[in-house]
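Quick notes on the structure that follows.
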Amino acid sequence: MFTPQRGSGKLARKAMPPDATASPAQAERTAFTGRDLRKIYVTGETEVHALRGVDFDIRKGEILVLLGPSGSGKSTLLNIVGGLDRATSGSLHYEDTELSALDDADLTRFRRAQIGFIFQFYNLIPSLTAEENVRLVTDIADDPMDPGEALALVGLAERRHHYPAQLSGGEQQRVAVARAIAKQPGVLLCDEPTGALDSQTGVRVLETLEAANRELDTTLLIITHNAGIAAMADRVFHFLDGTIARIETNERRISPAEISW
Amino acid sequence: MKALDLKLVRDLWRMRGQALAIAIVLAAASATFILSMGVHRSLYETREAYYAQNNFGDVFSSMTRAPRSVVDEVAQIEGVQQAQGSILQYAILDFPDRSEAVRALLQSVDERGRDRLDRVTLKAGRMPMPGQPGEVVADEAFALANEVGPGDEFDAIIYGRMQRLRVVGIGLAPNYVNALAPGDIVPDDTRFGVFWMGEEALEAATDRTEAINALSVKLQRGASEADVIRAIDRILAPYGGAGAYTREDHPSHAFLESELDQLEAMVQVIPPIFLIVSTFLVYVVLGRMIRTQRSLIGLLKAFGYSGLAIAWHYLKFALAIALLATALGAAAGIWMGRAMTELYGEYYHFPFLRFHFAPGVFLSAGALAMGSAALGAVSGVWSAARLTPAVAMSPPPPPVYRAGFVERVGEKAGFTAIGHMIVRHIARWPTRSAMTVGGVGLSIALLFATLSFIDSSNYMLSSYFFRSQQQDLSVTFTEARNEDVLFELAQMPGVLRVEPVRALPVEMSHANRVERTALEAIAPDAMLSARIDQDGNLIAMPPGGLMLSRQLASQLGVRPGDNVRVKMLGGRRTEAMLPVGAMVDEFIGARAYASQDTLDTLARDSAPVGAALLLIDPAHRDDILAALKAMPVVLSIGDRDLEMARFQEMIDGNINTMIIFYIAFASAIAVGVVYNGARILFSERAHELATLRVLGYHRREVAVVLIGEIALLVAISVPVGLLMGYALAQFMLHMFGSDLFRLPFAPADATYAKAALVVLAAAMLTAVTVARRVMRLDMVRVLKARE
């Protein structure tokens, strides 16, 4: 069974049970390892092959951008990696835990402990204020930040008592980011986080995400249609027809402030 | 089929659960409407047809003894169409193998078939023939209960003399649709029956040659009842006339009338409850459906559909549900109507009684169902018709949440974020939340009111039998006796105490209100029959005044201190003005009491003894019963314990069926309200629930959002429902009460709990069923769709 462990300090990362053979000093720690992952959706009599056997290793603390046309398998991979969905076949490990073997309750615990999600349409609860939306996560996380602190990190300390309907799109997305990072997750999964935002607001959100990566050592997976964003990544997975067609490695990550669209 | 109608059919199918839940509540309205209206009509029309066919009289009177010639005299009165005299005589039948007395009321019939009024319908055999003195026709109910048929013979004590009777026919007549033995409060066909005997034979048996003691009169159309009654009373006065009365006061007719009144009351109380809840359900469900189809409505309008076409489309959704409900309700109503009519057949003696399929009743039920569904649809349909395409196709404005009063309380109470979600959602939809509380509340109210009926019956039973009636046996005499008979009874070994029951038929009037009743004497040392107040304390008899049952007081419109004119209907026909000294809560009948002295003064004589109450040593019980049975003056023996058991049996028999129906009805409301509430909640919050799952909430934690809101609303509806039930029960008791009896409002403590628990169980089971959908929530799909 999956059992999250507590971190040691306020901003310390929670870790999965350490691998007995792995050295803590190991420079290149792996977050996710996927081998021959396949996902087939069956609707009626048609089968949709969303993933056609992908292999990948995602390193801890890296920023990874997933690029590709609609239906190429990016979101499917993100959902499987985040424990929202299950692969039809193949194996997927997070650190030493085999996610493909977990049942629903354990997948829920995995999400609760390790994963922060950010969506294009924010998915805030309209009946809860900004702070209460963050509290949704801190109420159930093991070693969360203070909700106010999380909101301060995204620059919304002043607007903590506002309801989503009283916030702009960019502000709402930053609340979503605060909600995602408040639990100090190991991984942040972002599906088109800037898709509904203007350039300036989008950059602001990306900066927040990058800060989380930098300060909390959070692994960051970003799906985007915006090729410009790829420049802030360590690596870029190019998807095509359910496969990772190409993996691009950036020599140098540029800061979000340098991106524009 | 047009494309839009196809959409309607598919919408109905997609929302079949919700549509069915509404249809069931609406069907309950139709069913109870068809049931009570249908049974009312069946009973009413059967009665009217029976009365017409057998020529039931309009005015009646009894007298001590009058020459037959008075019949012609009465027939001459202006407004009288026909008059008919007869002899009525109580008799005791001797069934050797029966320990209890079997009593009969003998009514004379013309052996030559010349009777015109209150004619007998023969079910078997023939009428008595001239020159055959022992021939009788037995009433059908008695014959069935005692397995008596043509050819059977038994002995009877008639007018103190033993005579052999021979049953030659089985029949029934409109003046005995409901036949109660004197002193009884529950019909008992095994111990009491009506027999029709040849006039000459009964004249001979009762020494009443060419004499009568009962009169039945048919009025001409438009005749004044009051004038005819006055004329009859004048004619009969010298012959001990006890005062003529109309059908309204005829025991059999009055009983039936009170039953019809109750059915009518039921129509006015029960179906409206279901109609109100259905209207609310349609309002909520259709409102939600139209909100979710907002952009579709915009699209249709962009295509060129008119606002009217859209309105008609959604209205049809509501009407289709109403149509289904009417069909379901009709089936259930017919089924229940048949069962209830059958039950009535056991209590009322009609030659035929069938549940009546009146198209009008079904049409009315359908119209009511359509009407309330349409009413519920109005606001949603109106908003759909008014939407402009451009507005409709843009997403609706996000819901506005504000921290209100509840919020500040929640803040102090330390709500979790989930707690806030629940409370704020309720506050965000106040109308819908209030309607849910009201709907569930009504189901609790309905159940409470129904269950408290049983409590009322039990209270009445215990009040009547345990507290007012302390005797073991009550003995009714064939005719009023003097006090000697009391000494005779007191002499019997094992008889511990004997108290007389003296009563005189009187007419009481106050202002323009007139009531006929019996004025009963209360001896100063009376112990066995007590008049008690609401707290069970003995009420002292006011000297020189009257004590009225609350029922009679309200019929006369008098209060303590008022004066009532009392006119003796028999004897010397004296009149007096007497003050009302006290009131007593009695649930059966509308009676009046006065001290023995008052009664004697009024009668100008010692009031005759009509019955006696006995307290006995249980060891001598069988001997005493045998001795009483052998006394020719004893008409009937009432056994308190036996009567109580029969009464309880009658209550249980009728009420258990009723309880099952009403538990089902109340549950149907609760299920309908909660199911629709939960489904709407689920559809509105699917997005949020999926978000919570993504954030790492377990399924059961997410289900709390759904169940928590419903549980909170249902919890609020418990006190609300009990309060409504409290009012509804009293209203129903008021509506169902009649001149014959009145039910006290005395709910047992357990009734509060039962009503709440049944509804709570139904509500929570339903909520949990819907919450299981959380288990199947597809997080990815829900979040991909922008709400």
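Ordering of the structure tokens sets the chain letters (A, B, ...); residue numbers start at 1 within each chain; ligands are numbered from 1 in the order shown.
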
Write out as a PyMOL selection string the residues lying within 8 Å of B:Arg116, counting only C-alpha atoms and excluding same-chain residues fewer than 3 positions away. chain B and resi 55+82+84+119

Pull out every residue of chain B sitting within 8 Å of chain A, counting only C-alpha atoms, and send them as a PyMOL selection string. chain B and resi 398-402+416-418+420-421+424-425+687-688+691+693-698+779-780+783+786

Between B:Leu628, B:Gly561, B:His40, B:Arg428, single out the one closest to B:Ser258, counting only C-alpha atoms.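 For B:Ser258, the nearest of the candidates is B:His40.
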
Excluding A:Tyr41 and any residue of its chain fewer than 4 positions from it, enumerate the residues within 12 Å of it, using only C-alpha atoms, and give them as a PyMOL selection string. chain A and resi 45-52+73+76+85-88

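Secondary structure by DSSP on the backbone puts the following residues of stretch 501-598 of chain B in helix (DSSP H, G or I): Arg550, Gln551, Leu552, Ala553, Ser554, Gln555, Leu556, Gln596, Asp597 and Thr598 of chain B.
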
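The protein and nucleic acid residues lying at most 12 Å from B:Phe487 are Arg481, Asn482, Glu483, Gln491, Met492, Val495, Arg497, Val498, Glu499, Pro500, Ala612 and Leu614 of chain B, with only C-alpha atoms considered and sequence neighbours fewer than 4 positions away removed.
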
Excluding stretch 297-302 of chain B and its own-chain neighbours fewer than 2 positions away, which residues fall within 9 Å of it when counting only C-alpha atoms? Please give them as a list in words. Ile290, Gln293, Arg294, Ser295, Gly304, Tyr305, Ser306, Gly307, Ile310, Ala384, Ala385, Leu387, Thr388, Pro389, Ala390, Val391, Ala392, Met393 and Ser394 of chain B

All strand (DSSP E) residues (DSSP, backbone) inside stretch 61-154 of chain B, as a PyMOL selection string: chain B and resi 61-67+80-86+88-94+102-109+121-125+135-139+153-154

Using only C-alpha atoms, please write the residues we just selected to a file, as a short mmCIF file (atom, residue, chain, number, x, y, z; two decimals), in the first residue's frame.
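Below is the file result_18.cif, written as the result:
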```
data_model
loop_
_atom_site.label_atom_id
_atom_site.label_comp_id
_atom_site.auth_asym_id
_atom_site.auth_seq_id
_atom_site.Cartn_x
_atom_site.Cartn_y
_atom_site.Cartn_z
CA SER B 61 -91.83 9.37 13.96
CA SER B 62 -92.40 6.87 16.69
CA MET B 63 -95.12 6.83 19.31
CA THR B 64 -96.28 4.66 22.16
CA ARG B 65 -99.37 3.42 20.39
CA ALA B 66 -101.67 5.00 17.86
CA PRO B 67 -104.69 3.70 15.97
CA VAL B 80 -97.40 14.71 2.42
CA GLN B 81 -97.36 12.40 -0.55
CA GLN B 82 -97.64 9.11 1.26
CA ALA B 83 -97.75 7.89 4.84
CA GLN B 84 -97.25 4.43 6.16
CA GLY B 85 -97.65 3.04 9.65
CA SER B 86 -95.90 0.04 11.08
CA LEU B 88 -91.54 -1.87 15.59
CA GLN B 89 -90.82 -4.32 18.33
CA TYR B 90 -87.59 -5.51 19.91
CA ALA B 91 -87.39 -9.22 20.54
CA ILE B 92 -84.95 -11.70 21.97
CA LEU B 93 -84.03 -14.69 19.86
CA ASP B 94 -83.27 -17.94 21.51
CA VAL B 102 -79.22 -12.37 20.32
CA ARG B 103 -81.56 -9.50 19.71
CA ALA B 104 -83.87 -8.63 16.89
CA LEU B 105 -85.84 -5.66 15.78
CA LEU B 106 -89.11 -6.80 14.29
CA GLN B 107 -90.65 -4.51 11.73
CA SER B 108 -94.13 -5.14 10.38
CA VAL B 109 -94.76 -5.49 6.64
CA THR B 121 -85.58 -5.96 -1.32
CA LEU B 122 -85.65 -9.74 -1.24
CA LYS B 123 -82.38 -11.53 -1.84
CA ALA B 124 -83.83 -15.00 -1.36
CA GLY B 125 -87.13 -16.67 -0.54
CA GLU B 135 -93.06 -16.17 9.02
CA VAL B 136 -90.25 -13.63 8.90
CA VAL B 137 -87.73 -12.23 6.45
CA ALA B 138 -84.29 -11.99 8.02
CA ASP B 139 -81.91 -9.19 7.16
CA GLU B 153 -86.75 -21.89 12.68
CA PHE B 154 -86.05 -20.59 16.16
#
```
